[in-house]
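Pasted below: my_file-v4.txt, compact mmCIF, C-alpha atoms.
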```txt
# COMPACT_ATOMS: atom_id res chain seq x y z
CA MET A 12 42.10 -12.07 5.08
CA SER A 13 41.59 -9.01 2.89
CA LYS A 14 42.49 -5.48 3.85
CA LYS A 15 38.83 -4.84 4.57
CA GLY A 16 38.76 -7.64 7.16
CA LEU A 17 36.85 -10.89 7.37
CA SER A 18 33.55 -11.35 5.60
CA LEU A 19 30.49 -12.35 7.64
CA ALA A 20 30.61 -15.84 6.14
CA GLU A 21 34.26 -16.27 7.18
CA LYS A 22 33.53 -14.96 10.70
CA ARG A 23 30.66 -17.43 11.04
CA LYS A 24 32.86 -20.28 9.86
CA ARG A 25 35.66 -19.37 12.29
CA LEU A 26 33.40 -18.84 15.30
CA GLU A 27 31.63 -22.13 14.67
CA ALA A 28 35.03 -23.83 14.39
CA LEU A 29 36.01 -22.40 17.79
CA PHE A 30 33.03 -24.22 19.36
CA HIS A 31 33.81 -27.48 17.56
CA GLU A 32 37.51 -27.43 18.38
CA THR A 33 37.12 -26.60 22.08
CA LYS A 34 33.82 -28.43 22.71
CA GLU A 35 33.22 -25.94 25.53
CA PHE A 36 30.24 -23.97 26.80
CA TYR A 37 30.69 -20.21 26.54
CA GLN A 38 29.16 -16.99 27.72
CA LEU A 39 29.18 -14.01 25.38
CA LYS A 40 31.89 -12.19 27.32
CA GLU A 41 34.13 -15.28 27.07
CA LEU A 42 33.64 -15.47 23.32
CA GLU A 43 34.39 -11.75 23.00
CA ARG A 44 37.61 -12.46 24.88
CA ASP A 45 38.71 -15.65 23.06
CA ALA A 46 37.41 -15.19 19.48
CA PRO A 47 39.73 -12.24 18.66
CA LYS A 48 42.80 -14.12 19.95
CA MET A 49 41.96 -17.57 18.61
CA LYS A 50 40.10 -16.76 15.39
CA GLY A 51 40.92 -13.13 14.55
CA ILE A 52 37.31 -11.95 14.86
CA VAL A 53 36.94 -8.32 15.95
CA THR A 54 35.47 -8.13 19.44
CA ASN A 55 32.58 -5.77 18.65
CA THR A 56 31.33 -8.10 15.87
CA VAL A 57 31.31 -11.32 17.91
CA LYS A 58 27.80 -10.76 19.29
CA ASP A 59 26.20 -10.30 15.83
CA VAL A 60 28.08 -13.25 14.35
CA LEU A 61 27.05 -15.42 17.28
CA GLN A 62 23.39 -14.39 16.93
CA SER A 63 23.41 -15.28 13.22
CA LEU A 64 24.67 -18.78 14.08
CA VAL A 65 21.99 -19.14 16.76
CA ASP A 66 19.30 -18.00 14.29
CA ASP A 67 20.42 -20.72 11.84
CA ASN A 68 20.42 -23.37 14.59
CA LEU A 69 24.16 -23.90 14.20
CA VAL A 70 24.82 -22.79 17.78
CA ASN A 71 22.62 -23.76 20.72
CA THR A 72 21.82 -21.42 23.59
CA ASP A 73 20.19 -21.74 26.98
CA LYS A 74 19.73 -19.52 30.00
CA ILE A 75 21.05 -20.85 33.30
CA GLY A 76 20.29 -18.54 36.19
CA THR A 77 20.90 -15.05 34.94
CA SER A 78 23.48 -16.02 32.30
CA ASN A 79 23.15 -17.21 28.69
CA TYR A 80 25.37 -20.09 27.62
CA TYR A 81 26.27 -21.06 24.05
CA TRP A 82 27.60 -24.31 22.61
CA SER A 83 27.88 -26.25 19.39
CA PHE A 84 29.22 -29.75 18.75
CA PRO A 85 30.16 -31.10 15.29
CA SER A 86 27.46 -33.79 15.39
CA SER A 87 24.63 -31.36 16.25
CA ALA A 88 25.86 -28.86 13.68
CA LEU A 89 25.82 -31.60 11.05
CA GLN A 90 22.25 -32.52 11.96
CA SER A 91 21.23 -28.86 11.77
CA ARG A 92 22.76 -28.54 8.34
CA LYS A 93 21.03 -31.69 7.11
CA ALA A 94 17.70 -30.42 8.44
CA ARG A 95 18.27 -27.05 6.76
CA ILE A 96 19.18 -28.74 3.47
CA GLU A 97 16.00 -30.84 3.63
CA GLU A 98 13.97 -27.70 4.36
CA LEU A 99 15.52 -25.87 1.41
CA MET A 100 15.04 -28.87 -0.89
CA LEU A 101 11.36 -29.02 0.07
CA GLU A 102 11.00 -25.30 -0.58
CA LEU A 103 12.78 -25.71 -3.93
CA GLN A 104 10.41 -28.51 -4.90
CA LYS A 105 7.40 -26.34 -4.07
CA LEU A 106 8.82 -23.49 -6.13
CA LYS A 107 9.39 -25.86 -9.07
CA GLU A 108 5.79 -27.06 -8.83
CA LYS A 109 4.57 -23.46 -8.66
CA ASN A 110 6.69 -22.58 -11.68
CA THR A 111 5.21 -25.50 -13.61
CA GLU A 112 1.70 -24.37 -12.68
CA LEU A 113 2.40 -20.80 -13.77
CA GLN A 114 3.92 -21.96 -17.05
CA SER A 115 0.83 -24.06 -17.66
CA ASN A 116 -1.38 -21.02 -17.04
CA ILE A 117 0.74 -19.00 -19.46
CA ASP A 118 0.34 -21.71 -22.12
CA VAL A 119 -3.45 -21.70 -21.61
CA ALA A 120 -3.51 -17.89 -21.84
CA TYR A 121 -1.58 -17.98 -25.12
CA ASP A 122 -3.80 -20.70 -26.57
CA GLY A 123 -5.67 -19.21 -29.52
CA ARG A 124 -3.52 -16.09 -29.50
CA GLU A 125 -0.79 -17.39 -31.73
CA ASN A 126 0.47 -14.93 -34.33
CA SER A 127 -1.34 -15.37 -37.64
CA ASP A 128 -2.62 -13.28 -40.54
CA ASP A 129 -6.19 -13.51 -39.19
CA ARG A 130 -5.10 -12.44 -35.71
CA ALA A 131 -3.12 -9.51 -37.11
CA THR A 132 -6.13 -8.44 -39.17
CA LEU A 133 -8.48 -8.66 -36.19
CA LEU A 134 -6.11 -6.72 -33.95
CA LYS A 135 -5.85 -4.02 -36.60
CA LYS A 136 -9.63 -3.87 -36.85
CA VAL A 137 -9.95 -3.61 -33.05
CA ALA A 138 -7.46 -0.73 -33.02
CA GLU A 139 -9.42 1.05 -35.76
CA LEU A 140 -12.74 0.61 -33.92
CA GLU A 141 -11.20 1.85 -30.66
CA ALA A 142 -9.93 4.95 -32.47
CA ILE A 143 -13.40 5.57 -33.94
CA ASN A 144 -15.03 5.08 -30.54
CA LYS A 145 -12.60 7.55 -28.97
CA LYS A 146 -13.45 10.11 -31.65
CA HIS A 147 -17.18 9.63 -31.06
CA GLN A 148 -16.69 10.08 -27.32
CA GLU A 149 -14.84 13.35 -27.96
CA ASN A 150 -17.62 14.59 -30.25
CA LEU A 151 -20.25 13.56 -27.74
CA ALA A 152 -18.47 15.55 -25.07
CA LEU A 153 -18.76 18.68 -27.25
CA PHE A 154 -22.56 18.35 -27.31
CA ARG A 155 -22.94 17.37 -23.69
CA GLU A 156 -24.49 20.75 -22.88
CA CYS A 157 -27.34 19.80 -25.23
CA ASP A 158 -27.97 16.46 -23.54
CA PRO A 159 -31.77 16.25 -22.91
CA ALA A 160 -31.24 14.72 -19.48
CA LEU A 161 -28.82 17.49 -18.55
CA LEU A 162 -31.16 20.19 -19.88
CA GLU A 163 -34.05 18.70 -17.89
CA ALA A 164 -31.94 18.65 -14.73
CA LYS A 165 -30.98 22.30 -15.26
CA GLU A 166 -34.62 23.23 -15.81
CA ASN A 167 -35.63 21.43 -12.60
CA HIS A 168 -32.93 23.29 -10.66
CA ALA A 169 -34.04 26.59 -12.20
CA ASN A 170 -37.67 25.96 -11.26
CA LEU A 171 -36.64 25.05 -7.73
CA ALA A 172 -34.55 28.22 -7.44
CA LEU A 173 -37.49 30.28 -8.78
CA GLU A 174 -39.86 28.70 -6.25
CA CYS A 175 -37.46 29.41 -3.38
CA GLY A 176 -36.92 33.00 -4.54
CA ASN A 177 -40.66 33.69 -4.70
CA ARG A 178 -41.16 32.07 -1.28
CA TRP A 179 -38.65 34.46 0.30
CA THR A 180 -40.18 37.39 -1.58
CA GLU A 181 -43.58 36.53 -0.11
CA ASN A 182 -41.96 36.33 3.34
CA ILE A 183 -40.59 39.84 2.90
CA PHE A 184 -44.04 41.08 1.88
CA LEU A 185 -45.46 39.51 5.05
CA ILE A 186 -42.84 41.29 7.14
CA GLN A 187 -43.64 44.59 5.41
CA SER A 188 -47.33 44.08 6.19
CA TYR A 189 -46.58 43.20 9.79
CA CYS A 190 -44.39 46.29 10.26
CA PHE A 191 -47.11 48.52 8.76
CA LYS A 192 -49.82 47.12 11.03
CA LYS A 193 -47.69 46.92 14.15
CA PHE A 194 -45.44 49.98 13.83
CA ASN A 195 -47.18 51.98 11.08
CA ILE A 196 -44.10 51.77 8.86
CA GLU A 197 -44.91 52.49 5.25
CA ARG A 198 -43.69 50.08 2.60
CA ALA A 199 -41.52 52.77 0.96
CA ASP A 200 -39.85 53.55 4.28
CA PHE A 201 -39.32 49.85 4.95
CA ASN A 202 -37.73 49.34 1.52
CA GLN A 203 -35.49 52.35 1.98
CA GLN A 204 -34.39 51.16 5.43
CA PHE A 205 -33.38 47.73 4.13
CA GLY A 206 -32.19 48.69 0.65
CA ILE A 207 -35.04 46.98 -1.19
CA PRO A 208 -35.72 48.42 -4.68
CA GLU A 209 -39.24 49.66 -5.46
CA GLU A 210 -39.60 47.21 -8.36
CA PHE A 211 -39.01 44.29 -5.98
CA ASP A 212 -41.67 41.65 -6.69
CA THR A 213 -42.21 37.95 -7.29
CA LEU A 214 -40.90 36.47 -10.53
```
Could you express the structure from this file as structure tokens?
Amino acid sequence: MSKKGLSLAEKRKRLEALFHETKEFYQLKELERDAPKMKGIVTNTVKDVLQSLVDDNLVNTDKIGTSNYYWSFPSSALQSRKARIEELMLELQKLKEKNTELQSNIDVAYDGRENSDDRATLLKKVAELEAINKKHQENLALFRECDPALLEAKENHANLALECGNRWTENIFLIQSYCFKKFNIERADFNQQFGIPEEFDTL
């Protein structure tokens, strides 16, 4: 045992050995009592070590009444290990098959892309054309303000704004007329009251 204490793997090995040597059924509190004395496992780590063995099906557990009991016999542990090995071997085989499939896809992707003088020439030409295209795009951006479609859109917006402005001007004229007829307010007085310049008119 190192100065830092037992590793998790060593604790698992020792706790499992305790079950196999005694061939007894235990509760957690009994393991926390016996494991430190018999196997040198620190009491406050017994629960976590035990749970890791249960998770790997190396220790069985069952609830009887209100208490949980734990046990593990050499024969059942051996069967669990064999089952786990078979499971891992099956997973390994699937990974190997997947690796073969991926390698095949890589080979297909590289087919026709082998390094050659023609390929190098074509790649150089592609790079040159991309650079030219980028330059054209930059130049085009400089003249975007002169784009006919953009100019037409601006003109349409301007006409719409002009139409709206004249509509509101006409509404003001109607209000001026109404105030004159209803309250005898002259147009000049109306404009002065609301800060409307004398040259105010439709566009």
Review point. Do you have the atom CA of A:Thr77-atom CA of A:Leu61 distance handy?
Key: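 The value is 18.7 Å.
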Practice item. Pull the neighbourhood of (-45.4, 50.6, 1.6) for me: all residues within 10 Å in file coordinates, counting only C-alpha atoms, as a PyMOL selection string. Key: chain A and resi 184+187-188+190-191+195-202+209
Could you take the residues named above and write them with C-alpha atoms, as a PDB file, in the coordinates of the input?
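Output file again33.pdb follows:
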```
ATOM      1  CA  PHE A 184     -44.040  41.080   1.880  1.00  0.00           C
ATOM      2  CA  GLN A 187     -43.640  44.590   5.410  1.00  0.00           C
ATOM      3  CA  SER A 188     -47.330  44.080   6.190  1.00  0.00           C
ATOM      4  CA  CYS A 190     -44.390  46.290  10.260  1.00  0.00           C
ATOM      5  CA  PHE A 191     -47.110  48.520   8.760  1.00  0.00           C
ATOM      6  CA  ASN A 195     -47.180  51.980  11.080  1.00  0.00           C
ATOM      7  CA  ILE A 196     -44.100  51.770   8.860  1.00  0.00           C
ATOM      8  CA  GLU A 197     -44.910  52.490   5.250  1.00  0.00           C
ATOM      9  CA  ARG A 198     -43.690  50.080   2.600  1.00  0.00           C
ATOM     10  CA  ALA A 199     -41.520  52.770   0.960  1.00  0.00           C
ATOM     11  CA  ASP A 200     -39.850  53.550   4.280  1.00  0.00           C
ATOM     12  CA  PHE A 201     -39.320  49.850   4.950  1.00  0.00           C
ATOM     13  CA  ASN A 202     -37.730  49.340   1.520  1.00  0.00           C
ATOM     14  CA  GLU A 209     -39.240  49.660  -5.460  1.00  0.00           C
TER      15      GLU A 209
END
```
Practice item. Name all residues at most 9 Å from stretch 171-180 of chain A (count only C-alpha atoms; drop same-chain ones fewer than 2 positions away) and give them as number ranges by chain. Key: A: 166-169, 182-185, 211-214
Practice item. Enter the distance from atom CA of A:Lys58 to atom CA of A:Leu39, in Å, rounded to one decimal. Key: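 A separation of 7.0 Å between them.
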How big is the axis-aligned box, and where does its centre sit, when it encloses all atoms of stretch 55-74 of chain A listed in the file and has 4 Å added on every side, reported in Å to one decimal as AutoDock Vina command-line options?
```
--center_x 25.9 --center_y -14.8 --center_z 20.9 --size_x 21.3 --size_y 26.1 --size_z 26.2
```
Practice item. Record the distance separating atom CA of A:Asn68 and atom CA of A:Leu26, expressed in Å with one decimal. Key: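 Distance between the two atoms: 13.8 Å.
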